[in-house]
$ cat data.pdb   # PDB, C-alpha atoms, pLDDT in the B column
ATOM      1  CA  MET A   1      99.105 102.697 162.565  1.00 71.00           C
ATOM      2  CA  TYR A   2     102.492 102.457 164.253  1.00 77.00           C
ATOM      3  CA  PHE A   3     103.765 100.500 161.246  1.00 79.00           C
ATOM      4  CA  ASP A   4     103.297 103.611 159.061  1.00 82.00           C
ATOM      5  CA  PHE A   5     105.388 105.677 161.458  1.00 88.00           C
ATOM      6  CA  ALA A   6     108.013 102.934 161.519  1.00 91.00           C
ATOM      7  CA  ASN A   7     108.259 103.128 157.709  1.00 91.00           C
ATOM      8  CA  VAL A   8     108.896 106.862 157.899  1.00 92.00           C
ATOM      9  CA  LEU A   9     111.470 106.371 160.665  1.00 94.00           C
ATOM     10  CA  VAL A  10     113.326 103.705 158.681  1.00 95.00           C
ATOM     11  CA  TYR A  11     113.249 105.935 155.589  1.00 95.00           C
ATOM     12  CA  LEU A  12     114.721 108.864 157.564  1.00 96.00           C
ATOM     13  CA  LEU A  13     117.414 106.667 159.116  1.00 97.00           C
ATOM     14  CA  VAL A  14     118.436 105.259 155.719  1.00 97.00           C
ATOM     15  CA  ALA A  15     118.485 108.754 154.201  1.00 97.00           C
ATOM     16  CA  CYS A  16     120.657 110.094 157.041  1.00 97.00           C
ATOM     17  CA  GLY A  17     122.891 107.038 156.700  1.00 97.00           C
ATOM     18  CA  PHE A  18     123.431 107.759 153.006  1.00 97.00           C
ATOM     19  CA  ILE A  19     124.202 111.415 153.689  1.00 97.00           C
ATOM     20  CA  PHE A  20     126.655 110.872 156.526  1.00 97.00           C
ATOM     21  CA  GLY A  21     128.132 107.781 154.871  1.00 97.00           C
ATOM     22  CA  SER A  22     128.920 109.626 151.646  1.00 97.00           C
ATOM     23  CA  LEU A  23     130.391 112.563 153.584  1.00 96.00           C
ATOM     24  CA  LEU A  24     132.568 110.212 155.635  1.00 96.00           C
ATOM     25  CA  LEU A  25     133.648 108.244 152.572  1.00 96.00           C
ATOM     26  CA  GLY A  26     134.547 111.456 150.738  1.00 94.00           C
ATOM     27  CA  ARG A  27     136.605 112.635 153.702  1.00 92.00           C
ATOM     28  CA  LEU A  28     138.506 109.352 153.880  1.00 93.00           C
ATOM     29  CA  ILE A  29     139.225 109.114 150.147  1.00 94.00           C
ATOM     30  CA  ARG A  30     140.184 112.666 149.193  1.00 90.00           C
ATOM     31  CA  ARG A  31     143.647 114.118 149.642  1.00 87.00           C
ATOM     32  CA  GLN A  32     143.942 116.983 152.067  1.00 84.00           C
ATOM     33  CA  ARG A  33     146.591 119.430 150.957  1.00 84.00           C
ATOM     34  CA  PRO A  34     145.493 122.863 152.137  1.00 82.00           C
ATOM     35  CA  SER A  35     147.443 125.792 150.763  1.00 84.00           C
ATOM     36  CA  PRO A  36     146.978 129.539 151.088  1.00 81.00           C
ATOM     37  CA  GLU A  37     145.610 129.650 147.530  1.00 76.00           C
ATOM     38  CA  LYS A  38     142.978 127.012 148.291  1.00 76.00           C
ATOM     39  CA  LEU A  39     141.899 128.754 151.478  1.00 76.00           C
ATOM     40  CA  GLU A  40     141.519 132.107 149.727  1.00 74.00           C
ATOM     41  CA  THR A  41     138.079 133.523 148.971  1.00 69.00           C
ATOM     42  CA  TYR A  42     137.164 132.837 145.344  1.00 67.00           C
ATOM     43  CA  GLU A  43     135.269 135.468 143.380  1.00 62.00           C
ATOM     44  CA  PHE A  44     134.988 134.786 139.645  1.00 68.00           C
ATOM     45  CA  GLY A  45     138.700 134.228 139.173  1.00 67.00           C
ATOM     46  CA  GLU A  46     139.562 137.765 140.255  1.00 69.00           C
ATOM     47  CA  GLN A  47     141.775 138.736 143.131  1.00 70.00           C
ATOM     48  CA  THR A  48     139.752 139.942 146.088  1.00 68.00           C
ATOM     49  CA  ILE A  49     139.969 143.582 147.038  1.00 73.00           C
ATOM     50  CA  GLY A  50     139.393 144.564 150.622  1.00 72.00           C
ATOM     51  CA  SER A  51     137.496 142.673 153.272  1.00 73.00           C
ATOM     52  CA  ALA A  52     134.623 140.314 152.601  1.00 67.00           C
ATOM     53  CA  TRP A  53     132.821 141.746 155.624  1.00 75.00           C
ATOM     54  CA  ILE A  54     130.912 144.563 153.977  1.00 76.00           C
ATOM     55  CA  GLN A  55     127.466 145.782 154.862  1.00 77.00           C
ATOM     56  CA  PHE A  56     124.814 145.108 152.226  1.00 74.00           C
ATOM     57  CA  ASN A  57     121.804 147.293 151.768  1.00 76.00           C
ATOM     58  CA  VAL A  58     118.790 145.903 153.638  1.00 78.00           C
ATOM     59  CA  ARG A  59     116.675 146.199 150.463  1.00 79.00           C
ATOM     60  CA  PHE A  60     118.378 143.073 149.099  1.00 81.00           C
ATOM     61  CA  TYR A  61     117.040 141.063 152.028  1.00 83.00           C
ATOM     62  CA  ILE A  62     113.571 142.605 151.888  1.00 82.00           C
ATOM     63  CA  ILE A  63     113.197 141.851 148.181  1.00 83.00           C
ATOM     64  CA  ALA A  64     114.476 138.315 148.763  1.00 86.00           C
ATOM     65  CA  LEU A  65     111.950 137.735 151.557  1.00 85.00           C
ATOM     66  CA  ILE A  66     109.099 139.106 149.455  1.00 85.00           C
ATOM     67  CA  PHE A  67     110.140 136.827 146.602  1.00 86.00           C
ATOM     68  CA  LEU A  68     110.268 133.862 148.970  1.00 87.00           C
ATOM     69  CA  ILE A  69     106.772 134.576 150.293  1.00 82.00           C
ATOM     70  CA  PHE A  70     105.252 134.682 146.822  1.00 83.00           C
ATOM     71  CA  ASP A  71     107.288 131.687 145.717  1.00 86.00           C
ATOM     72  CA  VAL A  72     105.789 129.680 148.581  1.00 84.00           C
ATOM     73  CA  GLU A  73     102.385 130.955 147.514  1.00 84.00           C
ATOM     74  CA  ILE A  74     102.886 129.416 144.071  1.00 84.00           C
ATOM     75  CA  ALA A  75     104.072 126.176 145.661  1.00 86.00           C
ATOM     76  CA  VAL A  76     100.836 126.031 147.685  1.00 83.00           C
ATOM     77  CA  LEU A  77      98.486 127.182 144.919  1.00 85.00           C
ATOM     78  CA  PHE A  78      99.637 124.790 142.199  1.00 84.00           C
ATOM     79  CA  PRO A  79      98.715 121.511 143.961  1.00 83.00           C
ATOM     80  CA  TRP A  80      95.479 123.076 145.187  1.00 81.00           C
ATOM     81  CA  THR A  81      94.432 123.996 141.660  1.00 82.00           C
ATOM     82  CA  THR A  82      95.087 120.486 140.383  1.00 82.00           C
ATOM     83  CA  ILE A  83      92.657 118.911 142.866  1.00 80.00           C
ATOM     84  CA  PHE A  84      90.200 121.796 143.138  1.00 77.00           C
ATOM     85  CA  LYS A  85      87.397 120.097 141.175  1.00 76.00           C
ATOM     86  CA  GLU A  86      87.474 117.031 143.400  1.00 77.00           C
ATOM     87  CA  VAL A  87      87.620 118.993 146.638  1.00 74.00           C
ATOM     88  CA  SER A  88      85.033 121.613 145.676  1.00 72.00           C
ATOM     89  CA  ARG A  89      82.377 118.982 144.898  1.00 75.00           C
ATOM     90  CA  SER A  90      82.456 117.630 148.419  1.00 71.00           C
ATOM     91  CA  SER A  91      82.595 120.941 150.271  1.00 76.00           C
ATOM     92  CA  PRO A  92      83.046 124.636 149.512  1.00 80.00           C
ATOM     93  CA  ILE A  93      85.290 124.980 152.566  1.00 83.00           C
ATOM     94  CA  ALA A  94      88.389 124.381 150.425  1.00 80.00           C
ATOM     95  CA  PHE A  95      87.509 127.386 148.293  1.00 82.00           C
ATOM     96  CA  ILE A  96      86.939 129.534 151.391  1.00 87.00           C
ATOM     97  CA  GLU A  97      90.251 128.437 152.925  1.00 85.00           C
ATOM     98  CA  MET A  98      92.196 129.244 149.761  1.00 85.00           C
ATOM     99  CA  GLY A  99      90.381 132.566 149.461  1.00 87.00           C
ATOM    100  CA  LEU A 100      91.394 133.407 153.027  1.00 91.00           C
ATOM    101  CA  PHE A 101      94.981 132.393 152.246  1.00 88.00           C
ATOM    102  CA  LEU A 102      95.020 134.689 149.211  1.00 88.00           C
ATOM    103  CA  VAL A 103      93.454 137.561 151.168  1.00 92.00           C
ATOM    104  CA  ILE A 104      96.178 137.272 153.823  1.00 89.00           C
ATOM    105  CA  LEU A 105      98.856 137.354 151.118  1.00 87.00           C
ATOM    106  CA  LEU A 106      97.152 140.281 149.417  1.00 89.00           C
ATOM    107  CA  VAL A 107      97.092 142.234 152.690  1.00 90.00           C
ATOM    108  CA  GLY A 108     100.821 141.554 153.084  1.00 85.00           C
ATOM    109  CA  TYR A 109     101.466 142.673 149.522  1.00 86.00           C
ATOM    110  CA  VAL A 110      99.498 145.897 150.008  1.00 90.00           C
ATOM    111  CA  TYR A 111     101.377 146.551 153.272  1.00 88.00           C
ATOM    112  CA  VAL A 112     104.764 146.118 151.582  1.00 85.00           C
ATOM    113  CA  TRP A 113     103.652 148.274 148.655  1.00 86.00           C
ATOM    114  CA  ALA A 114     102.296 151.029 150.939  1.00 89.00           C
ATOM    115  CA  LYS A 115     105.475 150.979 153.000  1.00 85.00           C
ATOM    116  CA  GLY A 116     107.488 151.540 149.812  1.00 81.00           C
ATOM    117  CA  ASP A 117     109.659 148.443 150.048  1.00 78.00           C
ATOM    118  CA  LEU A 118     108.972 147.480 146.438  1.00 77.00           C
ATOM    119  CA  GLU A 119     110.676 150.623 145.167  1.00 78.00           C
ATOM    120  CA  TRP A 120     114.295 149.850 144.475  1.00 72.00           C
ATOM    121  CA  LEU A 121     115.495 153.446 144.612  1.00 67.00           C
ATOM    122  CA  LYS A 122     114.023 155.304 147.543  1.00 62.00           C
ATOM    123  CA  SER A 123     114.362 159.033 147.843  1.00 57.00           C
ATOM    124  CA  LEU A 124     116.406 160.164 150.787  1.00 54.00           C
ATOM    125  CA  GLY A 125     114.381 163.254 151.411  1.00 53.00           C
ATOM    126  CA  GLU A 126     113.280 166.400 149.692  1.00 53.00           C
ATOM    127  CA  VAL A 127     115.639 167.606 147.000  1.00 50.00           C
ATOM    128  CA  ARG A 128     115.658 171.391 146.584  1.00 53.00           C
ATOM    129  CA  THR A 129     117.168 173.025 143.572  1.00 58.00           C
ATOM    130  CA  ASN A 130     116.946 176.605 144.886  1.00 59.00           C
ATOM    131  CA  PRO A 131     117.709 177.532 148.491  1.00 58.00           C
ATOM    132  CA  PRO A 132     114.899 179.228 150.429  1.00 59.00           C
ATOM    133  CA  GLU A 133     114.769 183.014 150.607  1.00 61.00           C
ATOM    134  CA  GLU A 134     116.128 183.088 154.175  1.00 61.00           C
ATOM    135  CA  GLU A 135     119.396 181.366 153.199  1.00 56.00           C
ATOM    136  CA  ARG A 136     120.258 183.852 150.406  1.00 53.00           C
TER     137      ARG A 136
END
$ encode --input "data.pdb" --output "structure tokens"
Amino acid sequence: MYFDFANVLVYLLVACGFIFGSLLLGRLIRRQRPSPEKLETYEFGEQTIGSAWIQFNVRFYIIALIFLIFDVEIAVLFPWTTIFKEVSRSSPIAFIEMGLFLVILLVGYVYVWAKGDLEWLKSLGEVRTNPPEEER
């Protein structure tokens, strides 16, 4: 049993050795001639305007997190569907577990939908075309 863990440990050590070795070798071989042009922020070949420290709308992050959640769902569902026939013959527990997983994701999806985070353009309040009678 410990031999299996030793194989994983050796694999991780060799992988880390390749990563750090190639980074070290690249640092030793390449020329380092920093200039103001090389240290400048690059944006599609255009000159930058203003500061790079701007505040993005939080909707970008919410949509990205929702996408990530459902992307992970696909990554979990695909292997499960490939072995479903083999697993379901031995026990129906696999089907129940995956059903519970999908119900949890569905509840999250309904929550995000009800909260209105899937709408890209949210209204900022009531828009009135005519002022009320008291303001006239």
$ resolve_selection --input "data.pdb" --expression "the PyMOL selection byres ((chain A and resi 101) around 12)" --output "list in words"
Phe70, Val72, Glu73, Ile74, Val76, Leu77, Trp80, Ala94, Phe95, Ile96, Glu97, Met98, Gly99, Leu100, Leu102, Val103, Ile104, Leu105, Leu106, Val107 and Gly108 of chain A
$ write_last_selection --input "data.pdb" --atoms "C-alpha atoms" --output "PDB file, in the coordinates of the input"
ATOM      1  CA  PHE A  70     105.252 134.682 146.822  1.00 83.00           C
ATOM      2  CA  VAL A  72     105.789 129.680 148.581  1.00 84.00           C
ATOM      3  CA  GLU A  73     102.385 130.955 147.514  1.00 84.00           C
ATOM      4  CA  ILE A  74     102.886 129.416 144.071  1.00 84.00           C
ATOM      5  CA  VAL A  76     100.836 126.031 147.685  1.00 83.00           C
ATOM      6  CA  LEU A  77      98.486 127.182 144.919  1.00 85.00           C
ATOM      7  CA  TRP A  80      95.479 123.076 145.187  1.00 81.00           C
ATOM      8  CA  ALA A  94      88.389 124.381 150.425  1.00 80.00           C
ATOM      9  CA  PHE A  95      87.509 127.386 148.293  1.00 82.00           C
ATOM     10  CA  ILE A  96      86.939 129.534 151.391  1.00 87.00           C
ATOM     11  CA  GLU A  97      90.251 128.437 152.925  1.00 85.00           C
ATOM     12  CA  MET A  98      92.196 129.244 149.761  1.00 85.00           C
ATOM     13  CA  GLY A  99      90.381 132.566 149.461  1.00 87.00           C
ATOM     14  CA  LEU A 100      91.394 133.407 153.027  1.00 91.00           C
ATOM     15  CA  LEU A 102      95.020 134.689 149.211  1.00 88.00           C
ATOM     16  CA  VAL A 103      93.454 137.561 151.168  1.00 92.00           C
ATOM     17  CA  ILE A 104      96.178 137.272 153.823  1.00 89.00           C
ATOM     18  CA  LEU A 105      98.856 137.354 151.118  1.00 87.00           C
ATOM     19  CA  LEU A 106      97.152 140.281 149.417  1.00 89.00           C
ATOM     20  CA  VAL A 107      97.092 142.234 152.690  1.00 90.00           C
ATOM     21  CA  GLY A 108     100.821 141.554 153.084  1.00 85.00           C
TER      22      GLY A 108
END
$ residues_around --input "data.pdb" --residues "segment 52-63 of chain A" --least-positions-apart "5" --cutoff "8 Å" --atoms "only C-alpha atoms" --output "list in words"
Asp117, Leu118 and Trp120 of chain A
$ atom_distance --input "data.pdb" --atom1 "atom CA of Ala114 of chain A" --atom2 "atom CA of Ile66 of chain A"
13.8 Å
$ axis_aligned_box --input "data.pdb" --around "segment 49-62 of chain A" --padding-each-side "6 Å" --output "lines of an AutoDock Vina configuration file"
center_x = 126.8
center_y = 143.8
center_z = 151.3
size_x = 38.4
size_y = 19.0
size_z = 20.6
$ atom_distance --input "data.pdb" --atom1 "atom CA of Phe78 of chain A" --atom2 "atom CA of Tyr111 of chain A"
24.5 Å
$ atom_distance --input "data.pdb" --atom1 "atom CA of Leu13 of chain A" --atom2 "atom CA of Gly26 of chain A"
19.7 Å
$ decode --input "data.pdb" --residues "segment 8-21 of chain A" --atoms "all heavy atoms" --output "PDB file, in the first residue's frame"
ATOM      1  N   VAL A   8       3.235   7.926  -6.343  1.00  0.00           N
ATOM      2  CA  VAL A   8       2.636   9.250  -6.517  1.00  0.00           C
ATOM      3  C   VAL A   8       3.611  10.332  -6.063  1.00  0.00           C
ATOM      4  O   VAL A   8       3.771  11.368  -6.723  1.00  0.00           O
ATOM      5  CB  VAL A   8       1.300   9.352  -5.741  1.00  0.00           C
ATOM      6  CG1 VAL A   8       0.765  10.770  -5.752  1.00  0.00           C
ATOM      7  CG2 VAL A   8       0.278   8.383  -6.306  1.00  0.00           C
ATOM      8  N   LEU A   9       4.301  10.097  -4.954  1.00  0.00           N
ATOM      9  CA  LEU A   9       5.271  11.065  -4.448  1.00  0.00           C
ATOM     10  C   LEU A   9       6.414  11.256  -5.435  1.00  0.00           C
ATOM     11  O   LEU A   9       6.818  12.396  -5.716  1.00  0.00           O
ATOM     12  CB  LEU A   9       5.804  10.620  -3.087  1.00  0.00           C
ATOM     13  CG  LEU A   9       6.833  11.550  -2.443  1.00  0.00           C
ATOM     14  CD1 LEU A   9       6.177  12.896  -2.128  1.00  0.00           C
ATOM     15  CD2 LEU A   9       7.412  10.927  -1.196  1.00  0.00           C
ATOM     16  N   VAL A  10       6.929  10.171  -5.983  1.00  0.00           N
ATOM     17  CA  VAL A  10       8.017  10.277  -6.962  1.00  0.00           C
ATOM     18  C   VAL A  10       7.528  11.016  -8.204  1.00  0.00           C
ATOM     19  O   VAL A  10       8.232  11.867  -8.755  1.00  0.00           O
ATOM     20  CB  VAL A  10       8.566   8.872  -7.318  1.00  0.00           C
ATOM     21  CG1 VAL A  10       9.487   8.930  -8.525  1.00  0.00           C
ATOM     22  CG2 VAL A  10       9.289   8.278  -6.127  1.00  0.00           C
ATOM     23  N   TYR A  11       6.312  10.715  -8.647  1.00  0.00           N
ATOM     24  CA  TYR A  11       5.745  11.398  -9.813  1.00  0.00           C
ATOM     25  C   TYR A  11       5.651  12.900  -9.551  1.00  0.00           C
ATOM     26  O   TYR A  11       6.002  13.707 -10.422  1.00  0.00           O
ATOM     27  CB  TYR A  11       4.368  10.813 -10.131  1.00  0.00           C
ATOM     28  CG  TYR A  11       3.678  11.464 -11.280  1.00  0.00           C
ATOM     29  CD1 TYR A  11       4.033  11.173 -12.590  1.00  0.00           C
ATOM     30  CD2 TYR A  11       2.670  12.397 -11.066  1.00  0.00           C
ATOM     31  CE1 TYR A  11       3.396  11.781 -13.658  1.00  0.00           C
ATOM     32  CE2 TYR A  11       2.028  13.014 -12.124  1.00  0.00           C
ATOM     33  CZ  TYR A  11       2.399  12.702 -13.415  1.00  0.00           C
ATOM     34  OH  TYR A  11       1.772  13.313 -14.457  1.00  0.00           O
ATOM     35  N   LEU A  12       5.147  13.298  -8.379  1.00  0.00           N
ATOM     36  CA  LEU A  12       5.038  14.721  -8.051  1.00  0.00           C
ATOM     37  C   LEU A  12       6.402  15.395  -7.971  1.00  0.00           C
ATOM     38  O   LEU A  12       6.571  16.531  -8.423  1.00  0.00           O
ATOM     39  CB  LEU A  12       4.266  14.899  -6.744  1.00  0.00           C
ATOM     40  CG  LEU A  12       2.770  14.615  -6.806  1.00  0.00           C
ATOM     41  CD1 LEU A  12       2.159  14.691  -5.414  1.00  0.00           C
ATOM     42  CD2 LEU A  12       2.086  15.598  -7.732  1.00  0.00           C
ATOM     43  N   LEU A  13       7.378  14.708  -7.392  1.00  0.00           N
ATOM     44  CA  LEU A  13       8.725  15.282  -7.293  1.00  0.00           C
ATOM     45  C   LEU A  13       9.349  15.467  -8.674  1.00  0.00           C
ATOM     46  O   LEU A  13       9.980  16.494  -8.947  1.00  0.00           O
ATOM     47  CB  LEU A  13       9.613  14.407  -6.411  1.00  0.00           C
ATOM     48  CG  LEU A  13       9.286  14.424  -4.918  1.00  0.00           C
ATOM     49  CD1 LEU A  13      10.166  13.424  -4.171  1.00  0.00           C
ATOM     50  CD2 LEU A  13       9.456  15.811  -4.347  1.00  0.00           C
ATOM     51  N   VAL A  14       9.185  14.485  -9.555  1.00  0.00           N
ATOM     52  CA  VAL A  14       9.728  14.609 -10.913  1.00  0.00           C
ATOM     53  C   VAL A  14       9.017  15.731 -11.667  1.00  0.00           C
ATOM     54  O   VAL A  14       9.658  16.522 -12.370  1.00  0.00           O
ATOM     55  CB  VAL A  14       9.613  13.261 -11.660  1.00  0.00           C
ATOM     56  CG1 VAL A  14       9.920  13.420 -13.136  1.00  0.00           C
ATOM     57  CG2 VAL A  14      10.537  12.226 -11.038  1.00  0.00           C
ATOM     58  N   ALA A  15       7.706  15.827 -11.516  1.00  0.00           N
ATOM     59  CA  ALA A  15       6.956  16.893 -12.185  1.00  0.00           C
ATOM     60  C   ALA A  15       7.411  18.265 -11.698  1.00  0.00           C
ATOM     61  O   ALA A  15       7.643  19.180 -12.505  1.00  0.00           O
ATOM     62  CB  ALA A  15       5.461  16.710 -11.956  1.00  0.00           C
ATOM     63  N   CYS A  16       7.554  18.428 -10.389  1.00  0.00           N
ATOM     64  CA  CYS A  16       8.028  19.709  -9.841  1.00  0.00           C
ATOM     65  C   CYS A  16       9.454  19.992 -10.293  1.00  0.00           C
ATOM     66  O   CYS A  16       9.822  21.141 -10.564  1.00  0.00           O
ATOM     67  CB  CYS A  16       7.944  19.698  -8.318  1.00  0.00           C
ATOM     68  SG  CYS A  16       6.262  19.760  -7.693  1.00  0.00           S
ATOM     69  N   GLY A  17      10.268  18.948 -10.379  1.00  0.00           N
ATOM     70  CA  GLY A  17      11.639  19.116 -10.870  1.00  0.00           C
ATOM     71  C   GLY A  17      11.671  19.620 -12.298  1.00  0.00           C
ATOM     72  O   GLY A  17      12.479  20.492 -12.645  1.00  0.00           O
ATOM     73  N   PHE A  18      10.799  19.063 -13.168  1.00  0.00           N
ATOM     74  CA  PHE A  18      10.737  19.549 -14.538  1.00  0.00           C
ATOM     75  C   PHE A  18      10.275  20.999 -14.593  1.00  0.00           C
ATOM     76  O   PHE A  18      10.816  21.805 -15.362  1.00  0.00           O
ATOM     77  CB  PHE A  18       9.781  18.685 -15.368  1.00  0.00           C
ATOM     78  CG  PHE A  18      10.436  17.479 -15.972  1.00  0.00           C
ATOM     79  CD1 PHE A  18      10.029  16.211 -15.606  1.00  0.00           C
ATOM     80  CD2 PHE A  18      11.456  17.613 -16.900  1.00  0.00           C
ATOM     81  CE1 PHE A  18      10.629  15.102 -16.149  1.00  0.00           C
ATOM     82  CE2 PHE A  18      12.060  16.504 -17.459  1.00  0.00           C
ATOM     83  CZ  PHE A  18      11.644  15.239 -17.079  1.00  0.00           C
ATOM     84  N   ILE A  19       9.302  21.356 -13.805  1.00  0.00           N
ATOM     85  CA  ILE A  19       8.780  22.725 -13.827  1.00  0.00           C
ATOM     86  C   ILE A  19       9.839  23.714 -13.371  1.00  0.00           C
ATOM     87  O   ILE A  19      10.165  24.680 -14.076  1.00  0.00           O
ATOM     88  CB  ILE A  19       7.517  22.834 -12.947  1.00  0.00           C
ATOM     89  CG1 ILE A  19       6.377  22.045 -13.581  1.00  0.00           C
ATOM     90  CG2 ILE A  19       7.120  24.286 -12.751  1.00  0.00           C
ATOM     91  CD1 ILE A  19       5.178  21.881 -12.674  1.00  0.00           C
ATOM     92  N   PHE A  20      10.399  23.479 -12.189  1.00  0.00           N
ATOM     93  CA  PHE A  20      11.385  24.426 -11.665  1.00  0.00           C
ATOM     94  C   PHE A  20      12.683  24.388 -12.459  1.00  0.00           C
ATOM     95  O   PHE A  20      13.349  25.416 -12.628  1.00  0.00           O
ATOM     96  CB  PHE A  20      11.643  24.166 -10.182  1.00  0.00           C
ATOM     97  CG  PHE A  20      10.472  24.516  -9.308  1.00  0.00           C
ATOM     98  CD1 PHE A  20       9.846  23.558  -8.539  1.00  0.00           C
ATOM     99  CD2 PHE A  20       9.978  25.802  -9.278  1.00  0.00           C
ATOM    100  CE1 PHE A  20       8.761  23.873  -7.750  1.00  0.00           C
ATOM    101  CE2 PHE A  20       8.889  26.139  -8.499  1.00  0.00           C
ATOM    102  CZ  PHE A  20       8.273  25.161  -7.723  1.00  0.00           C
ATOM    103  N   GLY A  21      13.041  23.220 -12.979  1.00  0.00           N
ATOM    104  CA  GLY A  21      14.247  23.113 -13.799  1.00  0.00           C
ATOM    105  C   GLY A  21      14.126  23.903 -15.087  1.00  0.00           C
ATOM    106  O   GLY A  21      15.062  24.611 -15.486  1.00  0.00           O
TER     107      GLY A  21
END
